[in-house]
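Student: work_34.tsv is the file, holding TSV, C-alpha atoms:
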```tsv
chain	number	residue	atom	x	y	z
C	25	MET	CA	120.07	185.21	43.40
C	26	LYS	CA	123.24	183.17	43.01
C	27	ILE	CA	124.16	183.87	46.61
C	28	LEU	CA	120.73	182.66	47.82
C	29	ALA	CA	120.94	179.43	45.80
C	30	ALA	CA	124.41	178.73	47.15
C	31	THR	CA	123.17	179.26	50.71
C	32	LEU	CA	120.30	176.79	50.24
C	33	MET	CA	122.64	174.21	48.75
C	34	LEU	CA	125.01	174.47	51.70
C	35	ALA	CA	122.13	174.04	54.15
C	36	LEU	CA	120.92	170.93	52.28
C	37	LEU	CA	124.40	169.41	52.29
C	38	ALA	CA	124.75	170.14	55.99
C	39	GLY	CA	121.48	168.33	56.69
C	40	CYS	CA	122.60	165.28	54.77
C	41	ALA	CA	125.91	165.23	56.60
C	42	THR	CA	124.22	164.98	60.01
C	43	GLY	CA	122.32	161.79	59.00
C	44	PRO	CA	119.06	160.49	60.51
C	45	THR	CA	118.13	161.54	64.02
C	46	GLY	CA	117.50	159.12	66.91
C	47	PRO	CA	119.39	156.04	68.19
C	48	GLN	CA	121.58	154.14	65.78
C	49	TYR	CA	121.56	150.30	65.98
C	50	ASP	CA	124.33	147.92	65.02
C	51	HIS	CA	123.03	144.51	63.96
C	52	THR	CA	126.43	142.93	63.53
C	53	TYR	CA	125.91	140.47	66.40
C	54	THR	CA	122.97	138.23	67.33
C	55	ALA	CA	122.50	136.71	70.79
C	56	LYS	CA	122.38	132.94	71.06
C	57	GLY	CA	120.08	132.93	74.10
C	58	GLN	CA	116.72	133.77	72.58
C	59	ALA	CA	113.51	132.11	71.50
C	60	SER	CA	110.24	133.03	69.87
C	61	ARG	CA	107.54	134.42	72.10
C	62	ALA	CA	105.10	132.04	70.36
C	63	ARG	CA	104.92	128.80	72.34
C	64	PHE	CA	101.46	127.72	71.22
C	65	LEU	CA	99.43	127.50	68.03
C	66	VAL	CA	95.67	127.73	68.55
C	67	LEU	CA	93.07	126.71	65.95
C	68	HIS	CA	89.53	128.14	65.82
C	69	TYR	CA	86.44	128.08	63.65
C	70	THR	CA	84.77	131.39	62.81
C	71	VAL	CA	81.05	130.46	63.06
C	72	GLY	CA	80.40	132.40	59.86
C	73	ASP	CA	81.08	132.66	56.16
C	74	ARG	CA	84.05	134.37	54.52
C	75	ALA	CA	82.55	137.86	54.43
C	76	SER	CA	81.26	137.88	58.01
C	77	SER	CA	84.49	136.32	59.27
C	78	LEU	CA	86.60	139.01	57.61
C	79	ALA	CA	84.37	141.73	59.01
C	80	THR	CA	84.54	140.33	62.54
C	81	LEU	CA	88.30	139.81	62.53
C	82	THR	CA	89.17	143.21	61.02
C	83	GLN	CA	86.49	145.59	62.31
C	84	GLN	CA	85.98	144.34	65.86
C	85	GLU	CA	88.37	143.85	68.73
C	86	VAL	CA	88.66	140.09	68.24
C	87	SER	CA	91.41	139.14	65.80
C	88	ALA	CA	93.74	136.35	64.66
C	89	HIS	CA	97.06	136.17	62.92
C	90	TYR	CA	95.63	134.16	60.01
C	91	LEU	CA	92.25	133.55	58.42
C	92	LEU	CA	91.82	130.47	56.21
C	93	THR	CA	88.80	130.68	53.90
C	94	ASP	CA	86.58	127.83	52.74
C	95	ASP	CA	86.86	128.62	49.02
C	96	PRO	CA	87.55	125.65	46.71
C	97	VAL	CA	91.01	127.17	46.43
C	98	PRO	CA	91.38	128.45	50.03
C	99	HIS	CA	92.82	131.90	50.60
C	100	ILE	CA	95.05	132.67	53.58
C	101	TYR	CA	94.84	136.19	55.03
C	102	ASN	CA	97.63	137.38	57.33
C	103	LEU	CA	95.67	139.81	59.53
C	104	VAL	CA	98.13	140.36	62.40
C	105	ASP	CA	101.92	140.33	62.21
C	106	GLU	CA	103.33	137.35	64.09
C	107	LYS	CA	105.50	139.60	66.25
C	108	ASN	CA	102.33	141.15	67.66
C	109	ALA	CA	99.69	139.61	69.91
C	110	ALA	CA	96.33	138.87	68.30
C	111	TRP	CA	93.21	138.86	70.45
C	112	HIS	CA	91.99	135.35	69.78
C	113	ALA	CA	92.55	133.26	72.94
C	114	GLY	CA	90.89	135.35	75.64
C	115	ASN	CA	90.81	133.99	79.19
C	116	SER	CA	92.83	130.83	78.64
C	117	SER	CA	95.44	128.47	80.07
C	118	TRP	CA	97.60	125.51	79.12
C	119	LYS	CA	100.04	123.79	81.43
C	120	ASN	CA	101.65	126.60	83.49
C	121	PHE	CA	100.77	129.41	81.06
C	122	THR	CA	97.75	131.70	81.21
C	123	GLN	CA	96.32	134.48	79.01
C	124	LEU	CA	97.74	132.88	75.87
C	125	ASN	CA	97.24	135.86	73.56
C	126	ASN	CA	100.78	136.92	74.41
C	127	SER	CA	102.38	133.53	73.77
C	128	SER	CA	100.43	132.05	70.87
C	129	ILE	CA	99.62	132.36	67.19
C	130	GLY	CA	95.99	132.03	66.21
C	131	ILE	CA	94.47	130.61	63.03
C	132	GLU	CA	90.78	131.16	62.32
C	133	ILE	CA	89.18	128.69	59.88
C	134	VAL	CA	86.00	129.71	58.06
C	135	ASN	CA	83.38	127.21	59.23
C	136	PRO	CA	79.75	127.63	60.38
C	137	GLY	CA	80.46	125.77	63.61
C	138	TRP	CA	77.32	124.09	64.96
C	139	LYS	CA	73.57	124.40	65.22
C	140	ASP	CA	71.07	122.83	67.58
C	141	THR	CA	68.47	120.53	66.01
C	142	PRO	CA	65.68	118.32	67.41
C	143	ASN	CA	68.20	115.46	67.23
C	144	GLY	CA	70.88	117.35	69.15
C	145	ARG	CA	73.81	119.58	68.27
C	146	VAL	CA	75.19	119.13	64.75
C	147	TYR	CA	78.70	120.28	63.81
C	148	THR	CA	79.76	121.22	60.28
C	149	PRO	CA	82.58	119.16	58.72
C	150	PHE	CA	85.68	120.72	57.21
C	151	PRO	CA	86.20	120.13	53.47
C	152	GLN	CA	89.37	118.24	52.64
C	153	TYR	CA	90.71	121.00	50.39
C	154	GLN	CA	90.60	123.34	53.39
C	155	ILE	CA	92.60	120.90	55.53
C	156	ASP	CA	95.05	120.42	52.66
C	157	ALA	CA	95.70	124.18	52.76
C	158	LEU	CA	95.84	124.29	56.56
C	159	ILE	CA	98.52	121.63	57.08
C	160	PRO	CA	101.31	123.51	55.22
C	161	LEU	CA	100.40	126.71	57.08
C	162	VAL	CA	100.62	124.96	60.45
C	163	ARG	CA	103.90	123.28	59.48
C	164	ASP	CA	105.44	126.59	58.46
C	165	ILE	CA	104.46	128.29	61.72
C	166	VAL	CA	105.55	125.53	64.11
C	167	THR	CA	108.84	125.11	62.25
C	168	ARG	CA	109.77	128.77	62.42
C	169	HIS	CA	108.73	129.18	66.06
C	170	HIS	CA	109.77	125.71	67.27
C	171	ILE	CA	106.30	124.97	68.65
C	172	ALA	CA	106.06	121.45	70.10
C	173	PRO	CA	103.32	119.12	68.77
C	174	GLU	CA	101.64	118.91	72.21
C	175	ASN	CA	101.22	122.70	72.03
C	176	VAL	CA	99.21	122.70	68.80
C	177	LEU	CA	95.81	123.18	70.37
C	178	GLY	CA	92.17	123.96	69.82
C	179	HIS	CA	90.34	126.83	71.47
C	180	SER	CA	88.41	124.18	73.40
C	181	ASP	CA	91.69	122.95	74.90
C	182	ILE	CA	92.76	126.29	76.35
C	183	ALA	CA	89.26	127.53	77.32
C	184	PRO	CA	87.10	124.39	77.70
C	185	GLN	CA	84.51	125.96	80.00
C	186	ARG	CA	83.39	128.46	77.35
C	187	LYS	CA	84.58	127.33	73.90
C	188	GLN	CA	84.01	124.27	71.68
C	189	ASP	CA	85.99	125.18	68.55
C	190	PRO	CA	87.22	123.76	66.30
C	191	GLY	CA	84.77	121.05	67.41
C	192	PRO	CA	84.55	117.26	67.04
C	193	MET	CA	84.46	117.38	63.22
C	194	PHE	CA	87.95	118.85	63.00
C	195	PRO	CA	90.35	116.11	61.71
C	196	TRP	CA	93.05	116.24	64.38
C	197	ARG	CA	94.23	112.78	63.34
C	198	GLN	CA	95.28	114.14	59.94
C	199	LEU	CA	97.46	116.75	61.62
C	200	ALA	CA	98.89	114.02	63.84
C	201	ALA	CA	99.70	111.90	60.77
C	202	ALA	CA	101.59	114.92	59.41
C	203	GLY	CA	103.64	115.03	62.62
C	204	LEU	CA	102.06	118.30	63.81
C	205	VAL	CA	100.03	117.04	66.80
C	206	THR	CA	100.84	114.51	69.54
C	207	TRP	CA	98.68	111.39	69.30
C	208	PRO	CA	98.33	108.32	71.57
C	209	ASP	CA	100.41	105.40	70.33
C	210	ALA	CA	98.14	102.57	69.13
C	211	ASN	CA	100.36	99.82	70.58
C	212	ARG	CA	100.46	101.56	73.95
C	213	VAL	CA	96.67	101.88	73.91
C	214	ALA	CA	96.29	98.15	73.15
C	215	THR	CA	98.62	97.26	76.05
C	216	LEU	CA	96.86	99.53	78.54
C	217	THR	CA	93.29	98.54	77.70
C	218	PRO	CA	93.15	95.18	79.59
C	219	ILE	CA	94.68	96.82	82.68
C	220	PHE	CA	91.94	99.44	82.86
C	221	GLN	CA	89.26	96.89	82.01
C	222	GLN	CA	89.81	95.27	85.41
C	223	GLN	CA	88.88	98.42	87.31
C	224	LEU	CA	88.44	102.05	86.22
C	225	PRO	CA	90.21	104.73	88.26
C	226	ASP	CA	88.28	107.21	90.37
C	227	VAL	CA	87.38	110.74	89.28
C	228	ALA	CA	90.38	112.26	91.05
C	229	TRP	CA	92.67	110.22	88.78
C	230	TYR	CA	91.00	111.63	85.65
C	231	GLN	CA	91.30	115.16	86.98
C	232	LYS	CA	94.99	114.71	87.74
C	233	LYS	CA	95.74	113.26	84.30
C	234	LEU	CA	93.83	116.04	82.51
C	235	ALA	CA	95.83	118.63	84.44
C	236	THR	CA	99.08	116.80	83.68
C	237	TRP	CA	98.30	116.92	79.97
C	238	GLY	CA	97.65	120.67	80.19
C	239	TYR	CA	93.97	121.35	80.91
C	240	GLY	CA	93.00	123.79	83.61
C	241	LEU	CA	90.44	122.45	86.10
C	242	VAL	CA	89.82	122.32	89.82
C	243	GLN	CA	90.92	119.06	91.46
C	244	SER	CA	87.63	118.54	93.27
C	245	GLY	CA	87.56	114.75	93.31
C	246	ASN	CA	83.93	114.90	92.16
C	247	LEU	CA	82.36	114.31	88.76
C	248	ASP	CA	81.08	117.88	88.64
C	249	GLU	CA	80.09	120.00	85.65
C	250	GLN	CA	83.54	121.48	85.07
C	251	THR	CA	85.11	118.01	85.03
C	252	ARG	CA	82.56	116.68	82.53
C	253	THR	CA	83.15	119.75	80.33
C	254	VAL	CA	86.92	119.24	80.28
C	255	LEU	CA	86.50	115.52	79.64
C	256	SER	CA	84.27	116.40	76.69
C	257	ALA	CA	86.92	118.80	75.33
C	258	PHE	CA	89.52	116.05	75.57
C	259	GLN	CA	87.19	113.61	73.84
C	260	MET	CA	86.48	116.10	71.03
C	261	LYS	CA	90.14	115.95	70.10
C	262	TYR	CA	91.06	112.32	70.71
C	263	ARG	CA	87.76	110.41	70.66
C	264	PRO	CA	85.21	112.51	68.72
C	265	SER	CA	82.77	109.64	68.22
C	266	ASN	CA	81.53	110.09	71.78
C	267	ILE	CA	81.91	113.43	73.58
C	268	ASP	CA	79.52	112.83	76.49
C	269	GLY	CA	82.11	113.87	79.10
C	270	GLN	CA	81.92	110.60	81.04
C	271	PRO	CA	85.07	109.07	82.59
C	272	ASP	CA	84.92	105.80	80.66
C	273	LEU	CA	87.43	103.09	79.73
C	274	GLU	CA	88.61	104.52	76.40
C	275	THR	CA	89.12	107.99	77.85
C	276	ALA	CA	91.21	106.57	80.70
C	277	VAL	CA	93.41	104.59	78.29
C	278	LEU	CA	93.97	107.59	76.01
C	279	LEU	CA	94.89	109.82	78.96
C	280	GLU	CA	97.37	107.27	80.28
C	281	ALA	CA	98.90	106.72	76.83
C	282	LEU	CA	99.44	110.47	76.38
C	283	THR	CA	100.74	111.27	79.85
C	284	ASN	CA	102.77	108.07	80.26
C	285	PRO	CA	103.80	107.03	76.74
C	286	HIS	CA	106.92	105.02	77.64
C	287	GLY	CA	107.00	104.54	81.43
C	288	ALA	CA	106.15	101.53	83.56
C	289	LEU	CA	102.66	100.17	83.14
C	290	PRO	CA	100.24	101.10	85.92
C	291	GLN	CA	99.11	98.49	88.40
C	292	PRO	CA	95.46	97.47	88.27
C	293	PHE	CA	93.35	99.83	90.31
C	294	PRO	CA	91.81	98.42	93.51
C	295	ALA	CA	88.07	98.12	93.66
C	296	PRO	CA	86.46	101.01	95.51
C	297	VAL	CA	85.74	100.35	99.16
C	298	ILE	CA	82.03	100.66	99.88
C	299	THR	CA	81.39	101.37	103.54
C	300	ALA	CA	78.02	100.66	105.13
C	301	PRO	CA	76.68	103.02	107.80
C	302	VAL	CA	77.53	101.95	111.36
C	303	LEU	CA	74.33	101.10	113.24
C	304	PRO	CA	74.16	101.66	117.03
C	305	GLN	CA	74.62	98.44	118.99
C	306	PRO	CA	71.99	97.51	121.62
C	307	GLU	CA	73.05	97.94	125.25
C	308	TYR	CA	74.58	94.77	126.65
C	309	ARG	CA	72.69	93.25	129.54
C	310	PRO	CA	73.78	90.01	131.24
C	311	ALA	CA	71.32	87.19	131.00
C	312	GLN	CA	69.12	86.71	134.08
C	313	PRO	CA	69.19	83.25	135.73
C	314	VAL	CA	66.23	81.14	134.83
C	315	GLN	CA	63.98	80.36	137.78
C	316	PRO	CA	63.05	76.67	138.09
C	317	VAL	CA	59.53	75.92	137.11
C	318	GLN	CA	57.40	74.71	140.06
C	319	PRO	CA	55.42	71.59	139.34
C	320	VAL	CA	51.73	72.20	138.89
C	321	GLN	CA	49.66	70.85	141.84
C	322	PRO	CA	46.73	68.72	140.77
C	323	VAL	CA	43.40	70.41	141.16
C	324	PRO	CA	41.08	68.43	143.48
C	325	PRO	CA	37.82	67.42	141.88
C	326	VAL	CA	34.87	69.70	142.52
C	327	GLN	CA	32.45	68.17	145.05
C	328	PRO	CA	28.82	68.47	144.06
C	329	ALA	CA	26.87	70.91	146.21
C	330	PRO	CA	24.47	69.28	148.72
C	331	ALA	CA	20.92	69.24	147.60
C	332	THR	CA	18.83	72.07	148.97
C	333	PRO	CA	15.86	70.80	150.88
C	334	PRO	CA	12.61	71.93	149.32
C	335	LEU	CA	10.78	74.79	150.92
C	336	PRO	CA	7.56	73.96	152.61
C	337	SER	CA	4.64	74.68	150.39
C	338	THR	CA	2.54	77.72	151.17
C	339	PRO	CA	-1.14	77.36	151.20
C	340	PRO	CA	-2.95	79.41	148.58
C	341	GLY	CA	-3.89	82.90	149.74
C	342	SER	CA	-1.20	83.00	152.46
C	343	PRO	CA	1.13	86.05	152.48
C	344	THR	CA	4.60	85.64	151.05
C	345	VAL	CA	7.19	85.56	153.77
C	346	ILE	CA	10.36	87.58	152.94
C	347	PRO	CA	13.27	87.04	155.25
C	348	ALA	CA	14.40	90.06	157.15
C	349	THR	CA	17.30	92.07	155.63
C	350	PRO	CA	20.01	92.91	158.05
C	351	PRO	CA	20.30	96.60	158.78
C	352	VAL	CA	22.84	98.59	156.68
C	353	PRO	CA	25.16	100.63	158.83
C	354	VAL	CA	24.92	104.38	158.23
C	355	GLN	CA	28.08	105.93	156.82
C	356	GLN	CA	29.21	109.11	158.67
```
Show me this structure written as structure tokens.
Tutor:
Amino acid sequence: MKILAATLMLALLAGCATGPTGPQYDHTYTAKGQASRARFLVLHYTVGDRASSLATLTQQEVSAHYLLTDDPVPHIYNLVDEKNAAWHAGNSSWKNFTQLNNSSIGIEIVNPGWKDTPNGRVYTPFPQYQIDALIPLVRDIVTRHHIAPENVLGHSDIAPQRKQDPGPMFPWRQLAAAGLVTWPDANRVATLTPIFQQQLPDVAWYQKKLATWGYGLVQSGNLDEQTRTVLSAFQMKYRPSNIDGQPDLETAVLLEALTNPHGALPQPFPAPVITAPVLPQPEYRPAQPVQPVQPVQPVPPVQPAPATPPLPSTPPGSPTVIPATPPVPVQQ
């Protein structure tokens, strides 16, 4: 028995002496040339309450790194580790990046979203206590991952053709006041406004500026549906009082202030040239010489016809004499 116990002890000691199996890593040094994979922070609303939002984000394929509840004291759930990709962005793009799941961190905010009414679509506001809990969370994430303010985005920014969240009721200006989101400078806006009042740019200009800021859209030069949708997404963030998707004065000024915050002021835009259709010109024909007008000869007066002598009277009962009719030649 003693021999068996000694044998087991020796085997145990031998196992401990070999140490753990697999590769051994030395973490003495850290490379200077590295950065976080997270370049973007994307905000969403859940279109549901706390319970349904938790169920969707944990039991279905869609997910997010964080879920912020709408409780009076909001609770923050960390559902996906930041080193992993959450499935929250879908088919998306911003600037030169696409499929942003792999390069972003997603925050879902419990909010019902919107509903259609007889008076149009109505969006649900975000309670202030929820925003007060969101701002420190956003600040912590962007600080650790060095995410630039222009890359703190809404789902409607990176997928405007299919998403509207977090919608026009989300208080982007509060995040901008906290230094977390880029916002147009008020003085720059005031300087640019009279320039654009003289003449608005054409649709191609709006499309180019939207793409410069980061939105993905086809540069068609036409005010088509995709352009109006992207304009509406831009307006949701920077001018939520009117999100009709029209290329108006205020939208042009905001775009210029964001894409050209310090450069030279633009020159007034020329008025559009309106061309009329070219009508075919009539064939040229040289004028014909005018013939001289012949003087009108006086018409001689009409001479009265000579009086016809009366026929001799025929006595009563005499036969009527009819003058002979000349013979009519027979036609062959």
Student: Between atom CA of C:Tyr90 and atom CA of C:Ile129, measure the distance and give it in Å to one decimal.
Tutor: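 If I compute the distance from atom CA of C:Tyr90 to atom CA of C:Ile129, I get 8.4 Å.
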Student: In terms of the shortest atom-to-atom distance over all atoms listed in the file, which of C:Val71, C:Val176, C:Ala157, C:Ala281 is closest to C:Asp95?
Tutor: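 Of C:Val71, C:Val176, C:Ala157, C:Ala281, the one nearest C:Asp95 is C:Ala157, counting all atoms listed in the file.
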Student: As AutoDock Vina command-line options, please report the centre and edge lengths, rounded to one decimal in Å, of the axis-aligned box that holds all listed atoms of stretch 152-156 of chain C with 8 Å of padding on each of the six sides.
Tutor:
```
--center_x 92.2 --center_y 120.8 --center_z 53.0 --size_x 21.7 --size_y 21.1 --size_z 21.1
```
Student: So that I can see what lies close to C:Ala210, please list as a PyMOL selection string the residues with an atom at most 12 Å from it, counting all atoms listed in the file and leaving out residues fewer than 3 positions away in the same chain.
Tutor: chain C and resi 207+213-217+277-278+281-282+285
Student: What gap, in Å, lies between atom CA of C:Asn246 and atom CA of C:Asp272?
Tutor: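 So the answer is 14.7 Å.
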Student: What gap, in Å, lies between atom CA of C:Ala200 and atom CA of C:Pro173?
Tutor: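 Straight-line distance from atom CA of C:Ala200 to atom CA of C:Pro173 works out to 8.4 Å.
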Student: Which one of C:Val146, C:Leu65, C:Leu273, C:Val134 sits closest to C:His112 if you count all atoms listed in the file?
Tutor: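 Closest residue, counting all atoms listed in the file: C:Leu65.
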Student: Would you please take stretch 203-255 of chain C of the structure in the block above and write C-alpha atoms to a file as a PDB file, in the first residue's frame?
Tutor:
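Saved as out.pdb:
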```pdb
ATOM      1  CA  GLY C 203     -17.959  67.271 -26.766  1.00  0.00           C
ATOM      2  CA  LEU C 204     -18.973  63.818 -28.025  1.00  0.00           C
ATOM      3  CA  VAL C 205     -20.441  64.730 -31.451  1.00  0.00           C
ATOM      4  CA  THR C 206     -19.289  67.194 -34.130  1.00  0.00           C
ATOM      5  CA  TRP C 207     -21.713  70.095 -34.541  1.00  0.00           C
ATOM      6  CA  PRO C 208     -21.842  73.006 -37.027  1.00  0.00           C
ATOM      7  CA  ASP C 209     -20.323  76.176 -35.595  1.00  0.00           C
ATOM      8  CA  ALA C 210     -23.025  78.824 -35.064  1.00  0.00           C
ATOM      9  CA  ASN C 211     -20.793  81.704 -36.218  1.00  0.00           C
ATOM     10  CA  ARG C 212     -19.849  79.824 -39.370  1.00  0.00           C
ATOM     11  CA  VAL C 213     -23.514  79.141 -40.076  1.00  0.00           C
ATOM     12  CA  ALA C 214     -24.361  82.843 -39.666  1.00  0.00           C
ATOM     13  CA  THR C 215     -21.564  83.817 -42.085  1.00  0.00           C
ATOM     14  CA  LEU C 216     -22.570  81.277 -44.717  1.00  0.00           C
ATOM     15  CA  THR C 217     -26.308  81.954 -44.690  1.00  0.00           C
ATOM     16  CA  PRO C 218     -26.334  85.194 -46.793  1.00  0.00           C
ATOM     17  CA  ILE C 219     -24.063  83.562 -49.386  1.00  0.00           C
ATOM     18  CA  PHE C 220     -26.472  80.683 -49.946  1.00  0.00           C
ATOM     19  CA  GLN C 221     -29.478  83.005 -49.830  1.00  0.00           C
ATOM     20  CA  GLN C 222     -28.363  84.509 -53.145  1.00  0.00           C
ATOM     21  CA  GLN C 223     -28.609  81.196 -54.979  1.00  0.00           C
ATOM     22  CA  LEU C 224     -28.957  77.595 -53.763  1.00  0.00           C
ATOM     23  CA  PRO C 225     -26.580  75.001 -55.227  1.00  0.00           C
ATOM     24  CA  ASP C 226     -27.813  72.249 -57.511  1.00  0.00           C
ATOM     25  CA  VAL C 227     -28.612  68.706 -56.394  1.00  0.00           C
ATOM     26  CA  ALA C 228     -25.189  67.400 -57.418  1.00  0.00           C
ATOM     27  CA  TRP C 229     -23.605  69.755 -54.866  1.00  0.00           C
ATOM     28  CA  TYR C 230     -25.769  68.344 -52.051  1.00  0.00           C
ATOM     29  CA  GLN C 231     -24.902  64.797 -53.055  1.00  0.00           C
ATOM     30  CA  LYS C 232     -21.179  65.566 -53.084  1.00  0.00           C
ATOM     31  CA  LYS C 233     -21.296  67.246 -49.666  1.00  0.00           C
ATOM     32  CA  LEU C 234     -23.291  64.384 -48.121  1.00  0.00           C
ATOM     33  CA  ALA C 235     -20.716  61.905 -49.424  1.00  0.00           C
ATOM     34  CA  THR C 236     -17.861  64.078 -48.148  1.00  0.00           C
ATOM     35  CA  TRP C 237     -19.387  64.062 -44.675  1.00  0.00           C
ATOM     36  CA  GLY C 238     -19.663  60.260 -44.769  1.00  0.00           C
ATOM     37  CA  TYR C 239     -23.031  59.190 -46.179  1.00  0.00           C
ATOM     38  CA  GLY C 240     -23.207  56.544 -48.851  1.00  0.00           C
ATOM     39  CA  LEU C 241     -25.297  57.507 -51.887  1.00  0.00           C
ATOM     40  CA  VAL C 242     -25.136  57.408 -55.662  1.00  0.00           C
ATOM     41  CA  GLN C 243     -24.001  60.671 -57.250  1.00  0.00           C
ATOM     42  CA  SER C 244     -26.878  60.784 -59.729  1.00  0.00           C
ATOM     43  CA  GLY C 245     -27.257  64.546 -60.032  1.00  0.00           C
ATOM     44  CA  ASN C 246     -31.024  64.104 -59.636  1.00  0.00           C
ATOM     45  CA  LEU C 247     -33.307  64.695 -56.668  1.00  0.00           C
ATOM     46  CA  ASP C 248     -34.279  61.027 -56.576  1.00  0.00           C
ATOM     47  CA  GLU C 249     -35.688  58.964 -53.714  1.00  0.00           C
ATOM     48  CA  GLN C 250     -32.314  57.851 -52.353  1.00  0.00           C
ATOM     49  CA  THR C 251     -31.097  61.458 -52.227  1.00  0.00           C
ATOM     50  CA  ARG C 252     -34.209  62.654 -50.390  1.00  0.00           C
ATOM     51  CA  THR C 253     -33.831  59.766 -47.920  1.00  0.00           C
ATOM     52  CA  VAL C 254     -30.214  60.632 -47.137  1.00  0.00           C
ATOM     53  CA  LEU C 255     -31.075  64.327 -46.837  1.00  0.00           C
TER      54      LEU C 255
END
```
